[in-house]
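Pasted below: upload_39.cif, mmCIF, C-alpha atoms, pLDDT in the B column; chains and numbers go by the auth columns.
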```cif
data_protein
loop_
_atom_site.group_PDB
_atom_site.id
_atom_site.type_symbol
_atom_site.label_atom_id
_atom_site.label_comp_id
_atom_site.label_asym_id
_atom_site.label_seq_id
_atom_site.Cartn_x
_atom_site.Cartn_y
_atom_site.Cartn_z
_atom_site.B_iso_or_equiv
_atom_site.auth_seq_id
_atom_site.auth_asym_id
ATOM 1 C CA MET A 1 0.000 0.000 0.000 47.00 1 K
ATOM 2 C CA ALA A 2 1.412 3.380 -0.950 50.00 2 K
ATOM 3 C CA THR A 3 1.628 5.833 1.905 49.00 3 K
ATOM 4 C CA PHE A 4 2.540 9.440 2.395 48.00 4 K
ATOM 5 C CA ASN A 5 5.296 10.313 4.837 49.00 5 K
ATOM 6 C CA LEU A 6 3.310 11.384 7.899 51.00 6 K
ATOM 7 C CA ARG A 7 5.910 10.469 10.544 56.00 7 K
ATOM 8 C CA TYR A 8 8.521 13.142 9.819 52.00 8 K
ATOM 9 C CA ASP A 9 8.632 16.888 9.368 57.00 9 K
ATOM 10 C CA LEU A 10 8.851 18.067 5.767 53.00 10 K
ATOM 11 C CA GLU A 11 12.261 19.618 6.405 56.00 11 K
ATOM 12 C CA GLN A 12 14.528 17.334 8.409 58.00 12 K
ATOM 13 C CA PRO A 13 17.246 18.943 10.528 61.00 13 K
ATOM 14 C CA VAL A 14 19.629 16.016 9.970 76.00 14 K
ATOM 15 C CA ALA A 15 19.918 13.009 7.675 87.00 15 K
ATOM 16 C CA LEU A 16 20.003 9.547 9.226 89.00 16 K
ATOM 17 C CA ALA A 17 20.310 6.176 7.495 93.00 17 K
ATOM 18 C CA GLY A 18 16.848 4.733 6.911 94.00 18 K
ATOM 19 C CA LEU A 19 15.032 8.049 7.239 93.00 19 K
ATOM 20 C CA VAL A 20 12.519 8.696 4.474 93.00 20 K
ATOM 21 C CA ALA A 21 14.025 11.671 2.641 92.00 21 K
ATOM 22 C CA ASP A 22 10.925 13.795 2.092 89.00 22 K
ATOM 23 C CA SER A 23 7.145 13.742 1.818 86.00 23 K
ATOM 24 C CA ARG A 24 6.901 12.161 -1.628 89.00 24 K
ATOM 25 C CA LEU A 25 4.870 9.019 -2.086 90.00 25 K
ATOM 26 C CA THR A 26 6.642 5.908 -0.802 92.00 26 K
ATOM 27 C CA HIS A 27 5.702 2.259 -0.589 94.00 27 K
ATOM 28 C CA THR A 28 6.475 0.613 2.738 94.00 28 K
ATOM 29 C CA SER A 29 5.673 -2.913 3.839 94.00 29 K
ATOM 30 C CA THR A 30 6.446 -4.696 7.090 95.00 30 K
ATOM 31 C CA VAL A 31 8.431 -7.912 7.360 96.00 31 K
ATOM 32 C CA LYS A 32 9.609 -10.076 10.254 97.00 32 K
ATOM 33 C CA ALA A 33 13.385 -9.700 10.580 96.00 33 K
ATOM 34 C CA GLY A 34 15.309 -12.924 10.135 95.00 34 K
ATOM 35 C CA GLU A 35 18.382 -11.339 11.765 95.00 35 K
ATOM 36 C CA ALA A 36 19.461 -7.990 13.201 94.00 36 K
ATOM 37 C CA ILE A 37 18.866 -5.261 10.616 96.00 37 K
ATOM 38 C CA ALA A 38 19.950 -1.640 11.034 95.00 38 K
ATOM 39 C CA PRO A 39 17.924 1.204 9.526 96.00 39 K
ATOM 40 C CA GLY A 40 19.187 2.041 6.046 96.00 40 K
ATOM 41 C CA GLN A 41 20.385 -1.497 5.279 97.00 41 K
ATOM 42 C CA PRO A 42 19.176 -3.365 2.188 97.00 42 K
ATOM 43 C CA VAL A 43 16.688 -6.145 2.946 96.00 43 K
ATOM 44 C CA GLY A 44 16.437 -9.238 0.752 94.00 44 K
ATOM 45 C CA TRP A 45 13.375 -11.335 0.029 92.00 45 K
ATOM 46 C CA ASP A 46 14.510 -13.716 2.786 93.00 46 K
ATOM 47 C CA ASN A 47 13.962 -10.853 5.304 93.00 47 K
ATOM 48 C CA ASP A 48 17.680 -10.710 6.142 94.00 48 K
ATOM 49 C CA VAL A 49 20.270 -8.085 5.262 95.00 49 K
ATOM 50 C CA LEU A 50 20.950 -8.504 1.542 93.00 50 K
ATOM 51 C CA ASP A 51 24.319 -10.269 1.359 91.00 51 K
ATOM 52 C CA SER A 52 24.233 -11.918 -2.066 90.00 52 K
ATOM 53 C CA ASP A 53 23.340 -11.119 -5.635 89.00 53 K
ATOM 54 C CA ALA A 54 19.668 -11.735 -4.983 87.00 54 K
ATOM 55 C CA PRO A 55 16.755 -9.353 -5.534 89.00 55 K
ATOM 56 C CA MET A 56 16.367 -6.617 -2.932 93.00 56 K
ATOM 57 C CA ARG A 57 13.011 -6.229 -1.176 94.00 57 K
ATOM 58 C CA GLY A 58 13.818 -2.676 -0.057 95.00 58 K
ATOM 59 C CA VAL A 59 15.588 -0.584 2.576 97.00 59 K
ATOM 60 C CA ALA A 60 14.917 -0.867 6.325 97.00 60 K
ATOM 61 C CA ARG A 61 13.190 2.350 7.382 96.00 61 K
ATOM 62 C CA LEU A 62 14.139 4.206 10.535 93.00 62 K
ATOM 63 C CA GLU A 63 11.435 4.501 13.168 88.00 63 K
ATOM 64 C CA THR A 64 12.180 7.581 15.242 79.00 64 K
ATOM 65 C CA SER A 65 10.990 5.782 18.375 82.00 65 K
ATOM 66 C CA MET A 66 13.787 3.160 18.159 83.00 66 K
ATOM 67 C CA GLU A 67 16.000 2.936 21.224 83.00 67 K
ATOM 68 C CA GLN A 68 19.757 2.520 21.337 80.00 68 K
ATOM 69 C CA THR A 69 21.320 -0.419 23.121 76.00 69 K
ATOM 70 C CA ASP A 70 23.863 0.198 25.881 78.00 70 K
ATOM 71 C CA ALA A 71 26.518 -0.148 23.158 81.00 71 K
ATOM 72 C CA GLY A 72 24.934 2.695 21.167 81.00 72 K
ATOM 73 C CA VAL A 73 23.537 0.436 18.429 82.00 73 K
ATOM 74 C CA VAL A 74 20.197 1.121 16.781 89.00 74 K
ATOM 75 C CA ALA A 75 18.844 -1.958 14.988 93.00 75 K
ATOM 76 C CA TYR A 76 15.841 -4.197 14.657 95.00 76 K
ATOM 77 C CA ALA A 77 16.429 -7.555 16.359 92.00 77 K
ATOM 78 C CA ALA A 78 15.656 -10.924 14.786 94.00 78 K
ATOM 79 C CA GLY A 79 11.892 -11.406 14.997 95.00 79 K
ATOM 80 C CA ASP A 80 11.078 -7.662 15.109 95.00 80 K
ATOM 81 C CA ALA A 81 8.647 -6.089 12.671 95.00 81 K
ATOM 82 C CA VAL A 82 10.739 -4.066 10.198 96.00 82 K
ATOM 83 C CA PRO A 83 9.224 -1.395 7.938 97.00 83 K
ATOM 84 C CA VAL A 84 10.837 -1.744 4.503 96.00 84 K
ATOM 85 C CA VAL A 85 10.729 1.003 1.865 96.00 85 K
ATOM 86 C CA SER A 86 10.424 -0.706 -1.523 95.00 86 K
ATOM 87 C CA PHE A 87 9.716 2.451 -3.552 95.00 87 K
ATOM 88 C CA GLY A 88 10.652 6.019 -2.849 96.00 88 K
ATOM 89 C CA PRO A 89 13.427 8.243 -1.473 96.00 89 K
ATOM 90 C CA VAL A 90 15.364 7.124 1.611 96.00 90 K
ATOM 91 C CA TRP A 91 18.735 8.040 3.148 96.00 91 K
ATOM 92 C CA VAL A 92 21.342 5.259 2.927 97.00 92 K
ATOM 93 C CA ASN A 93 25.035 4.755 3.677 97.00 93 K
ATOM 94 C CA VAL A 94 27.358 4.842 0.682 97.00 94 K
ATOM 95 C CA GLY A 95 30.883 3.454 0.686 95.00 95 K
ATOM 96 C CA ALA A 96 32.403 5.987 -1.722 97.00 96 K
ATOM 97 C CA ALA A 97 31.526 9.078 -3.722 97.00 97 K
ATOM 98 C CA VAL A 98 28.277 8.892 -5.706 98.00 98 K
ATOM 99 C CA THR A 99 26.717 11.216 -8.274 98.00 99 K
ATOM 100 C CA ALA A 100 23.059 12.203 -8.458 98.00 100 K
ATOM 101 C CA GLY A 101 21.350 10.256 -11.243 97.00 101 K
ATOM 102 C CA ALA A 102 23.754 7.285 -11.072 97.00 102 K
ATOM 103 C CA ASP A 103 22.388 3.761 -10.734 96.00 103 K
ATOM 104 C CA ALA A 104 22.711 2.303 -7.237 97.00 104 K
ATOM 105 C CA TYR A 105 23.989 -1.156 -6.334 96.00 105 K
ATOM 106 C CA VAL A 106 24.498 -2.990 -3.032 96.00 106 K
ATOM 107 C CA THR A 107 27.965 -4.020 -1.885 95.00 107 K
ATOM 108 C CA THR A 108 26.983 -7.454 -0.608 93.00 108 K
ATOM 109 C CA ALA A 109 29.823 -7.884 1.899 94.00 109 K
ATOM 110 C CA THR A 110 28.992 -4.694 3.812 94.00 110 K
ATOM 111 C CA GLY A 111 25.369 -3.828 3.008 93.00 111 K
ATOM 112 C CA VAL A 112 26.326 -0.319 1.905 96.00 112 K
ATOM 113 C CA PHE A 113 25.332 1.199 -1.404 97.00 113 K
ATOM 114 C CA THR A 114 27.585 2.128 -4.304 97.00 114 K
ATOM 115 C CA ALA A 115 27.334 3.602 -7.799 97.00 115 K
ATOM 116 C CA THR A 116 29.840 1.077 -9.145 95.00 116 K
ATOM 117 C CA ALA A 117 28.717 -2.327 -10.367 93.00 117 K
ATOM 118 C CA GLY A 118 31.189 -5.172 -10.308 92.00 118 K
ATOM 119 C CA ALA A 119 32.472 -8.115 -8.337 92.00 119 K
ATOM 120 C CA GLY A 120 30.888 -8.119 -4.882 93.00 120 K
ATOM 121 C CA THR A 121 27.844 -6.039 -5.814 94.00 121 K
ATOM 122 C CA THR A 122 24.357 -6.781 -7.050 92.00 122 K
ATOM 123 C CA THR A 123 24.342 -7.153 -10.841 90.00 123 K
ATOM 124 C CA ALA A 124 21.165 -5.155 -11.270 90.00 124 K
ATOM 125 C CA PRO A 125 20.596 -1.632 -9.944 93.00 125 K
ATOM 126 C CA VAL A 126 18.313 -1.339 -6.908 95.00 126 K
ATOM 127 C CA GLY A 127 17.399 2.272 -7.689 96.00 127 K
ATOM 128 C CA TYR A 128 19.284 5.495 -8.346 97.00 128 K
ATOM 129 C CA PHE A 129 20.949 8.193 -6.277 98.00 129 K
ATOM 130 C CA GLU A 130 19.202 11.547 -5.981 97.00 130 K
ATOM 131 C CA THR A 131 22.066 13.306 -4.201 97.00 131 K
ATOM 132 C CA SER A 132 25.827 13.354 -4.672 97.00 132 K
ATOM 133 C CA THR A 133 28.606 12.814 -2.146 96.00 133 K
ATOM 134 C CA THR A 134 32.352 13.424 -2.287 96.00 134 K
ATOM 135 C CA GLY A 135 33.136 10.263 -0.332 95.00 135 K
ATOM 136 C CA ALA A 136 31.619 7.728 2.042 96.00 136 K
ATOM 137 C CA GLY A 137 28.602 9.008 3.969 96.00 137 K
ATOM 138 C CA LEU A 138 24.876 9.446 3.439 97.00 138 K
ATOM 139 C CA ALA A 139 23.017 9.912 0.160 98.00 139 K
ATOM 140 C CA VAL A 140 19.381 9.817 -0.927 97.00 140 K
ATOM 141 C CA LEU A 141 18.553 6.614 -2.781 98.00 141 K
ATOM 142 C CA PHE A 142 15.331 6.386 -4.775 97.00 142 K
ATOM 143 C CA VAL A 143 14.480 2.731 -4.167 97.00 143 K
ATOM 144 C CA GLN A 144 12.934 0.683 -6.927 90.00 144 K
ATOM 145 C CA ARG A 145 12.115 -2.795 -5.667 66.00 145 K
ATOM 146 C CA GLN A 146 13.631 -5.647 -7.629 65.00 146 K
ATOM 147 C CA THR A 147 11.470 -8.585 -8.585 59.00 147 K
ATOM 148 C CA ALA A 148 14.290 -10.608 -10.144 57.00 148 K
ATOM 149 C CA VAL A 149 18.035 -10.423 -10.498 56.00 149 K
ATOM 150 C CA GLY A 150 18.862 -8.521 -13.649 49.00 150 K
ATOM 151 C CA GLY A 151 15.845 -6.221 -13.506 45.00 151 K
ATOM 152 C CA ALA A 152 14.703 -3.403 -11.291 42.00 152 K
#
```
Can the structure in the file be given as structure tokens, please?
Amino acid sequence: MATFNLRYDLEQPVALAGLVADSRLTHTSTVKAGEAIAPGQPVGWDNDVLDSDAPMRGVARLETSMEQTDAGVVAYAAGDAVPVVSFGPVWVNVGAAVTAGADAYVTTATGVFTATAGAGTTTAPVGYFETSTTGAGLAVLFVQRQTAVGGA
């Protein structure tokens, strides 16, 4: 079901991984986590962090009510209900510089996003970047759910 972003202000004071980027239409579904999943990480169809060249279900969305552990970690635990953005703009971690308009891929060993396809990444794009960075950090990814490897 498509939903409007009603949980955040229209102008965010800070970007955080997994935060819906703005008030545009997004599609979010809820899955039961198969393992610990941090907001902003890619989620596969097996409900785990995407760690292979398999289709991506979407990106784990940040719930602003999430609590940190004593170690300062914010993540959904195995068995938790995880909201997953499968269409729309969301902040994600990138491992290197990206350019707005570039296709986005997942680095399967780390779960971070990249604009470079190759060994160790998904073969098909999972969306495209809407913002640019000069190095590793946060960027807005427009997620387009994959239904099969090789197509977005």
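Minimum atom-to-atom distances from K:Ala96, K:Val31, K:Val85, K:Val140 to Val59 (chain K) were compared using all atoms listed in the file, and the lowest value belongs to K:Val85.
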statement: Separating CA of Thr28 (chain K) from CA of Ala136 (chain K), to the nearest tenth of an Å, is a gap of 26.1 Å
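By only C-alpha atoms, and with residues fewer than 6 positions from Val73 (chain K) along its chain excluded, the set lying at most 12 Å from it is Ala36, Ile37, Ala38, Pro39, Met66 and Glu67 of chain K.
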Output for the residues just chosen: C-alpha atoms as a compact mmCIF listing (two decimals), in the coordinates of the input:
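Result written to again.txt:
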```
# COMPACT_ATOMS: atom_id res chain seq x y z
CA ALA K 36 19.46 -7.99 13.20
CA ILE K 37 18.87 -5.26 10.62
CA ALA K 38 19.95 -1.64 11.03
CA PRO K 39 17.92 1.20 9.53
CA MET K 66 13.79 3.16 18.16
CA GLU K 67 16.00 2.94 21.22
```
What box, with edges along x, y and z, holds each listed atom of region 63-75 of chain K when 6 Å is added on every side, and can you state its centre and edge lengths in Å to one decimal, as AutoDock Vina command-line options?
```
--center_x 18.8 --center_y 2.8 --center_z 19.5 --size_x 27.5 --size_y 21.5 --size_z 24.7
```
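Restricting the calculation to all atoms listed in the file, the smallest distance between Pro83 (chain K) and any of K:Val43, K:Val49, K:Leu16, K:Ala104 is found for K:Val43.
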- request: Find, counting only C-alpha atoms, the residue in K:Ser86, K:Ser65, K:Thr123, K:Thr110 that gets nearest to Val143 (chain K).
  value: K:Ser86
Compute the distance from (27.4, 9.1, 0.3) to each atom, counting all atoms listed in the file, keep the residues with any atom at most 8 Å away, and return them as a short mmCIF file (atom, residue, chain, number, x, y, z; two decimals) with C-alpha atoms, in the coordinates of the input; use the coordinates of the file.
```cif
data_model
loop_
_atom_site.label_atom_id
_atom_site.label_comp_id
_atom_site.auth_asym_id
_atom_site.auth_seq_id
_atom_site.Cartn_x
_atom_site.Cartn_y
_atom_site.Cartn_z
CA VAL K 92 21.34 5.26 2.93
CA ASN K 93 25.04 4.76 3.68
CA VAL K 94 27.36 4.84 0.68
CA GLY K 95 30.88 3.45 0.69
CA ALA K 96 32.40 5.99 -1.72
CA ALA K 97 31.53 9.08 -3.72
CA VAL K 98 28.28 8.89 -5.71
CA SER K 132 25.83 13.35 -4.67
CA THR K 133 28.61 12.81 -2.15
CA THR K 134 32.35 13.42 -2.29
CA GLY K 135 33.14 10.26 -0.33
CA ALA K 136 31.62 7.73 2.04
CA GLY K 137 28.60 9.01 3.97
CA LEU K 138 24.88 9.45 3.44
CA ALA K 139 23.02 9.91 0.16
#
```
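Interatomic distance, CA of Tyr105 (chain K) to CA of Thr121 (chain K): 6.2 Å.
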Expected selection from the PyMOL selection byres ((chain K and resi 107) around 12), given as a PyMOL selection string: chain K and resi 41-42+49-54+56+93-96+104-106+108-126
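The coordinates place CA of Asp103 (chain K) at 23.2 Å from CA of Ser29 (chain K).
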- request: Using only C-alpha atoms, determine which residues lie at most 7 Å from Ala100 (chain K), disregarding the query and same-chain residues fewer than 6 positions distant; provide the list as a PyMOL selection string.
  value: chain K and resi 129-132
Let me see the file: selected residues, C-alpha atoms, as a short mmCIF file (atom, residue, chain, number, x, y, z; two decimals), in the frame of the given file.
```cif
data_model
loop_
_atom_site.label_atom_id
_atom_site.label_comp_id
_atom_site.auth_asym_id
_atom_site.auth_seq_id
_atom_site.Cartn_x
_atom_site.Cartn_y
_atom_site.Cartn_z
CA PHE K 129 20.95 8.19 -6.28
CA GLU K 130 19.20 11.55 -5.98
CA THR K 131 22.07 13.31 -4.20
CA SER K 132 25.83 13.35 -4.67
#
```
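Residue selection for this entry, given the PyMOL selection byres ((chain K and resi 89) around 9), comprises Leu19, Val20, Ala21, Asp22, Ser23, Arg24, Leu25, Thr26, Val85, Phe87, Gly88, Val90, Trp91, Phe129, Glu130, Val140, Leu141, Phe142 and Val143 of chain K.
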task: Name every residue that the PyMOL selection byres ((chain K and resi 78) around 9) selects in this structure, writing the answer as a ChimeraX atom specification with chains first and numbers rising.
output: /K:32-37,48,76-77,79-81
Taking N, CA, C and O atoms as the atom set, what does region 116-133 of chain K look like once completed, written as a compact mmCIF listing (two decimals), in the frame of the given file?
```txt
# COMPACT_ATOMS: atom_id res chain seq x y z
N THR K 116 28.98 1.88 -8.29
CA THR K 116 29.84 1.08 -9.14
C THR K 116 29.42 -0.38 -9.11
O THR K 116 29.44 -1.01 -8.05
N ALA K 117 29.05 -0.91 -10.28
CA ALA K 117 28.72 -2.33 -10.37
C ALA K 117 29.99 -3.12 -10.58
O ALA K 117 30.95 -2.61 -11.16
N GLY K 118 30.01 -4.34 -10.10
CA GLY K 118 31.19 -5.17 -10.31
C GLY K 118 31.18 -6.35 -9.37
O GLY K 118 30.16 -6.68 -8.76
N ALA K 119 32.34 -6.97 -9.23
CA ALA K 119 32.47 -8.12 -8.34
C ALA K 119 32.13 -7.68 -6.91
O ALA K 119 32.57 -6.64 -6.45
N GLY K 120 31.26 -8.44 -6.26
CA GLY K 120 30.89 -8.12 -4.88
C GLY K 120 29.71 -7.18 -4.75
O GLY K 120 29.40 -6.72 -3.66
N THR K 121 29.05 -6.88 -5.87
CA THR K 121 27.84 -6.04 -5.81
C THR K 121 26.69 -6.77 -6.51
O THR K 121 26.90 -7.76 -7.21
N THR K 122 25.50 -6.25 -6.30
CA THR K 122 24.36 -6.78 -7.05
C THR K 122 24.58 -6.48 -8.53
O THR K 122 25.18 -5.46 -8.88
N THR K 123 24.14 -7.37 -9.40
CA THR K 123 24.34 -7.15 -10.84
C THR K 123 23.34 -6.18 -11.42
O THR K 123 23.61 -5.54 -12.42
N ALA K 124 22.19 -6.08 -10.79
CA ALA K 124 21.16 -5.16 -11.27
C ALA K 124 21.05 -3.97 -10.31
O ALA K 124 21.21 -4.13 -9.11
N PRO K 125 20.78 -2.78 -10.84
CA PRO K 125 20.60 -1.63 -9.94
C PRO K 125 19.36 -1.82 -9.06
O PRO K 125 18.39 -2.46 -9.46
N VAL K 126 19.43 -1.25 -7.86
CA VAL K 126 18.31 -1.34 -6.91
C VAL K 126 17.57 0.00 -6.83
O VAL K 126 16.66 0.15 -6.04
N GLY K 127 17.98 0.94 -7.65
CA GLY K 127 17.40 2.27 -7.69
C GLY K 127 18.44 3.23 -8.23
O GLY K 127 19.38 2.81 -8.91
N TYR K 128 18.30 4.51 -7.90
CA TYR K 128 19.28 5.50 -8.35
C TYR K 128 19.47 6.54 -7.25
O TYR K 128 18.60 6.75 -6.42
N PHE K 129 20.64 7.18 -7.27
CA PHE K 129 20.95 8.19 -6.28
C PHE K 129 20.35 9.53 -6.69
O PHE K 129 20.42 9.92 -7.84
N GLU K 130 19.76 10.22 -5.73
CA GLU K 130 19.20 11.55 -5.98
C GLU K 130 20.11 12.66 -5.49
O GLU K 130 19.87 13.81 -5.80
N THR K 131 21.11 12.32 -4.68
CA THR K 131 22.07 13.31 -4.20
C THR K 131 23.47 12.79 -4.48
O THR K 131 23.67 11.60 -4.72
N SER K 132 24.43 13.69 -4.45
CA SER K 132 25.83 13.35 -4.67
C SER K 132 26.59 13.44 -3.36
O SER K 132 26.20 14.16 -2.45
N THR K 133 27.69 12.71 -3.28
CA THR K 133 28.61 12.81 -2.15
C THR K 133 30.03 12.89 -2.69
O THR K 133 30.28 12.48 -3.83
```
